[in-house]
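Before any comments, here is the structure.
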Amino acid sequence: MRVLRAIVFVILTIILVWVLDKTLGSLPAIGRLLDPVQGCLANAEPVNYDFSQNIKCASLQHPVTVWLDSRMVPHIHATNDYDVYYIEGYIHAIFRLWQMDMETRAAAGRVSEVIGSKGFNYDRLQRRKGMVYAAENSLKAIEADPRAKLMLDAYSAGINSYIATLRYRTLPLEYKLMGFTPEPWTNLKSALLLKYMADDLTGYTEDIPLTYLRDMLPAATFKALYPEKIQDSKPVIPMGTVFAPPSLTALPQPNDSVWSHFKASDFAQPRDEGKGSNNWVLSGSRTQSGAAILCNDPHLGINLPSLWFEVQLQAPGMNVYGVSLPGAPGVVIGFNDSITWGFTNNYRDVKDFYEVHRVTGGKDKYWFAGKQLGFDNRVERIKIKDKPDYVDTVRYTIQGPVLYDENYHGPGGLQKPLAMCWMAHRATSELLSIYLLNRATNYTEFVDAIMHFECPAQNMAYADRAGNIALWGQGQFVNKWKEQGRYIMNGADSAGLWKELIPMRENPHALNPGQGYLASANQSVTDSTYPYYYNGTFYEFRAWRINQVLDTMHKATVQDMFALQNDTYSILAANMLPVMLANISFVNDKYTQKLKNWNCRLEAESKAATIFQVWWNYLYAGLWEEHFKNVPDNLWPLPERTMQLIQSREINSYCGKGNGIGTFEEVVQLSYQKTTDSLKKLEATTGLEWYKVKNTSIKHLTKLPAFSVPGLKIGGWGNVVNAAKSDHAPSWRMVVQMGKEIEAYAVYPGGQSGNPGSQYYADFVNNWVSGKYYRLQFFANTAQQAADKAKFTINFNPQ
């Protein structure tokens, strides 16, 4: 009997070991994961962990030294270009490999391979957008230039050198939890990451909803509610700037046959006002030090691991500091010995849609310019964890991929086939632009560098130690006829096809303006004197506020810049609150008392901020919901335009019984009643403090609560300078004063390490929340200064 029991015990043990060593559906191999030596506990980084080490790398050309400062920022000192990018790749992989892997999988539409069917819809959309197609095109352009090719080849080699050292014990924790391992890095993955950013920044377009609204509304009403540019805009390039005569001829608008027309009732596309950015530059005439100051805070999704990774790169001819994108070489935003630069998103439209007209009885052909053309078919095989592959055929027209059709419906169930023409599909080399920017020593070299930055379009701010300031509305744009691309076009009509490209040196820009400063915050790029037509989606509130503040500054300090980047003053509240209160003058409750004593700042602990925001949302809905009851709320007129209609009293034209709602006064009063009901519920649950209501949180990319930082005590919102929303916020705040000694400060919401078990995982968050900055340690391109201040040293040597 004892023998039998022993045999049974051994068999059960073997079965248990086998089961615990296997993944079960979405569950990882529990046995391996819980192994105290090899599993998740191995990722717990000791507080006193010593990062100093000596590493040998097979394909390194010469020794490279990396000094890690107290914040774990690597200062990479190399003697040639190949080695500096090789080690940047290696360092990125040490700290952020899983993040790099997942983001490039997401770009390519490959997350289903590791998370299963819940990633399928996302993957299919990415494939139909032509993300890999776009990356393949750009990779050809990148590798056609020997400098960019060396940059990317070295970077990939460095990542793969680190991957080759990994064993199960040393895998990043997320690989263990998700049950997969890293695959070899390729140059295409870096190209995909750059297209991933282009998609994030240019993915939104209003072509589909505006086409519906144009056909739904009387022409005068449509023009009043949806103007191409908001009245009183403070454009990126100051009004009165004299633009050079255009080298291309303005194109005439074709006849109505060029348009497509829709009757569908639902065209939901998200309007996200928080995905913007701020940057500005001040000349020495407006600063206390007499030196130019540049400020930048791009507003992007905030996650852990963080989007950015701080780094300093040193090689002959280059000494640059700033933030890099894990997964791509170089410094994207930052400064070097001579210049500094920063980006905000330029919302000029670079994506157009065309209705495809198939040949009757021949689904493999479509009509264009009176001819039958064949589709170019791209077969997309989507691998899904624990399920059969899904095969999707994406058809390409002369305009681009057919994003929506009867097999993949568009917004609101739209079944008409629409082809997408997108600047990011072109063979562009933004990586070469980064290479040159990192080495630029003056304004001329800066301009030469940004001529390679085609998509995503950016407002590029510049300052240098000579005192120059500049701002470019940069990207590659098309010479369009008026309204081309604002609405869905008839894909069979050749008049809608993109034709000549505007020479990039004719993009709008300003150098050393008389006003002594330049600022961009995703507002309209120019006034009406710019000779080329463009459309886009522009936001004005933050730009109004930034210009309002900068216009009064004459002895600005870096501390003033910190304050402005963290400014929560609401232009909307300052203009609307008096009107709103005047229409409920008979009310005198605790909520109105708070509003009457409020400073119009969306501060973290402000209860009045919550009261106003909730009330405005109800008022905004009350004004437009009935008018557009069959249209999603994201297609309502912009808040900026709504504010102007209220101020001018034109809003009365859209109120009253004839419009299905009450008078403006009645709408205000009803919205306040709804507000008090909501406020009482909030008081009984979260409380009225603004930070509790908006709940700014930094979530891990897996959405695991244990790896996330929820409920941050930070003020702001998408329409104030400190644009901290629930999951979008200033992703990198930077202030650089370009004096005799460069004085630079920055902070971002996260930490250098991607390991949740590291003290460096989210150690910057508290400073970011409270508006504090770190003084950046910008070392000279010599070994001694860095060695004296380094906390750890990693020596890399050829094998």
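Naming works like this for the structure tokens: A, B, ... for the chains as they're shown, residue 1 at the start of each chain, ligands 1 onward in shown order.
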Return as a ChimeraX atom specification the full set of residues in segment 73-322 of chain A whose backbone-based DSSP assignment is helix (DSSP H, G or I).
-> /A:81-108,112-129,131-144,146-163,168-170,173-178,187-202,207-216,219-225,256-258,284-286
If we count only C-alpha atoms, what is near Pro245 of chain A at a cut-off of 10 Å, once residues fewer than 5 positions away on the same chain are taken out, given as a list in words?
->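 My list of contacting residues is Glu506, Tyr530 and Pro531 of chain A.
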Using only C-alpha atoms, which residues of segment 217-248 of chain A come within 12 Å of segment 459-475 of chain A, and what is the closest atom pair for each, with the distance in Å to one decimal? Give it as a tab-separated table, sorted by chain and residue number.
```
residue	atom	partner	partner_atom	distance
A:Pro235	CA	A:Gly473	CA	10.5
A:Val236	CA	A:Gly473	CA	7.7
A:Ile237	CA	A:Leu471	CA	7.3
A:Pro238	CA	A:Leu471	CA	10.0
```
Expected file contents, prior selection, N, CA, C and O atoms, as a compact mmCIF listing (two decimals), in the first residue's frame:
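And here's out18.txt as it stands now:
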```txt
# COMPACT_ATOMS: atom_id res chain seq x y z
N PRO A 235 -2.66 83.04 -34.01
CA PRO A 235 -2.00 81.96 -34.74
C PRO A 235 -0.57 81.69 -34.28
O PRO A 235 0.07 82.53 -33.63
N VAL A 236 -0.11 80.49 -34.63
CA VAL A 236 1.26 80.09 -34.28
C VAL A 236 2.27 81.09 -34.85
O VAL A 236 3.16 81.56 -34.15
N ILE A 237 2.13 81.39 -36.12
CA ILE A 237 2.97 82.40 -36.76
C ILE A 237 2.25 83.74 -36.61
O ILE A 237 1.12 83.88 -37.08
N PRO A 238 2.84 84.71 -35.93
CA PRO A 238 2.11 85.93 -35.57
C PRO A 238 1.44 86.62 -36.75
O PRO A 238 1.97 86.61 -37.88
```
Of A:Phe243, A:Tyr133, A:Tyr591, A:Tyr86, the one nearest to Gly158 of chain A when counting only C-alpha atoms is A:Tyr86
So which residues touch Ala790 of chain A within 7 Å, counting only C-alpha atoms, skipping near sequence neighbours fewer than 6 positions away, as a VMD selection string?
-> chain A and resid 67 to 69
Compile the contact shell of segment 433-445 of chain A as an MDAnalysis selection string: residues with an atom at most 10 Å away, counting only C-alpha atoms, same-chain residues fewer than 6 positions apart removed.
-> chainID A and resid 147:148 151 313 315:322 329:341 451:454 462:466 468:470 511
Counting only C-alpha atoms, what is within 8 Å of segment 643-651 of chain A, bar same-chain residues fewer than 5 positions away, as an mmCIF file with N, CA and C atoms, in the first residue's frame?
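Saved file result06.cif follows:
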```cif
data_model
loop_
_atom_site.group_PDB
_atom_site.id
_atom_site.type_symbol
_atom_site.label_atom_id
_atom_site.label_comp_id
_atom_site.auth_asym_id
_atom_site.auth_seq_id
_atom_site.Cartn_x
_atom_site.Cartn_y
_atom_site.Cartn_z
ATOM 1 N N LEU A 572 -12.160 79.789 -20.592
ATOM 2 C CA LEU A 572 -13.577 79.456 -20.756
ATOM 3 C C LEU A 572 -14.373 79.906 -19.533
ATOM 4 N N ASN A 575 -14.747 83.736 -19.087
ATOM 5 C CA ASN A 575 -15.678 84.370 -20.022
ATOM 6 C C ASN A 575 -17.118 83.915 -19.842
ATOM 7 N N MET A 576 -17.326 82.676 -19.452
ATOM 8 C CA MET A 576 -18.682 82.125 -19.397
ATOM 9 C C MET A 576 -19.336 82.222 -18.026
ATOM 10 N N PHE A 664 -32.300 80.757 -24.203
ATOM 11 C CA PHE A 664 -30.962 80.574 -23.635
ATOM 12 C C PHE A 664 -31.020 80.620 -22.113
#
```
Find the spatial neighbours of Asn160 of chain A, counting only C-alpha atoms, within a cut-off of 12 Å - ignore same-chain residues fewer than 6 positions away - and output them as a ChimeraX atom specification.
-> /A:57-59,86-94,97,153-154,166,182-187,327
In Å, how far is it from atom CA of Arg486 of chain A to atom CA of Leu217 of chain A?
->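 We find that atom CA of Arg486 of chain A and atom CA of Leu217 of chain A lie 15.9 Å from each other.
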Counting only C-alpha atoms, figure out which residue out of A:Tyr155, A:Trp498, A:Phe262, A:Phe586 gets nearest to Pro326 of chain A.
->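 Closest to Pro326 of chain A, using only C-alpha atoms: A:Tyr155.
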Give me the residues near Thr537 of chain A as a tab-separated table (two decimals) with C-alpha atoms, in the first residue's frame, where near means some atom within 8 Å (using only C-alpha atoms) and where sequence neighbours in that chain fewer than 4 positions away do not count.
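The resulting file, selection_25.tsv, is shown below:
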```tsv
chain	number	residue	atom	x	y	z
A	205	THR	CA	-9.77	63.60	-38.89
A	206	GLU	CA	-13.15	65.25	-39.31
A	347	TYR	CA	-3.19	70.00	-36.76
A	348	ARG	CA	-3.11	70.77	-40.48
A	349	ASP	CA	-4.98	67.99	-42.24
```
From the list A:Pro578, A:Gln253, A:Gln559, A:Leu682, which residue is nearest Trp481 of chain A when using only C-alpha atoms?
->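 Looking at the shortest contact to Trp481 of chain A, the residue is A:Gln253.
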Residue with smallest distance to Asp297 of chain A - pool A:Val525, A:Val64, A:Val323, A:Leu373, counting only C-alpha atoms | A:Val323
Would you give me, as a ChimeraX atom specification, the residues in segment 344-515 of chain A that DSSP reads as strand (DSSP E)?
-> /A:344-345,351-355,358-359,362-368,371-374,376-384,387-396,402-404,418-422,458-464,469-474,489-490,509-511
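Nearest residue to Met72 of chain A among A:Val402, A:Ala106, A:Ile571, A:Val311 is A:Val311, counting only C-alpha atoms.
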Go ahead and compute the interatomic distance for atom CA of Trp308 of chain A and atom CA of Ser190 of chain A, in Å to one decimal.
->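 These two atoms are separated by 14.7 Å.
For the set A:Asn512, A:Ser726, A:Asn599, A:Asn652, the residue with the smallest atom-to-atom gap to Ala292 of chain A is A:Asn512, counting only C-alpha atoms.
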Find the distance between atom CA of Leu776 of chain A and atom CA of Pro730 of chain A and write it in Å to one decimal.
->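 Separation between atom CA of Leu776 of chain A and atom CA of Pro730 of chain A: 18.0 Å.
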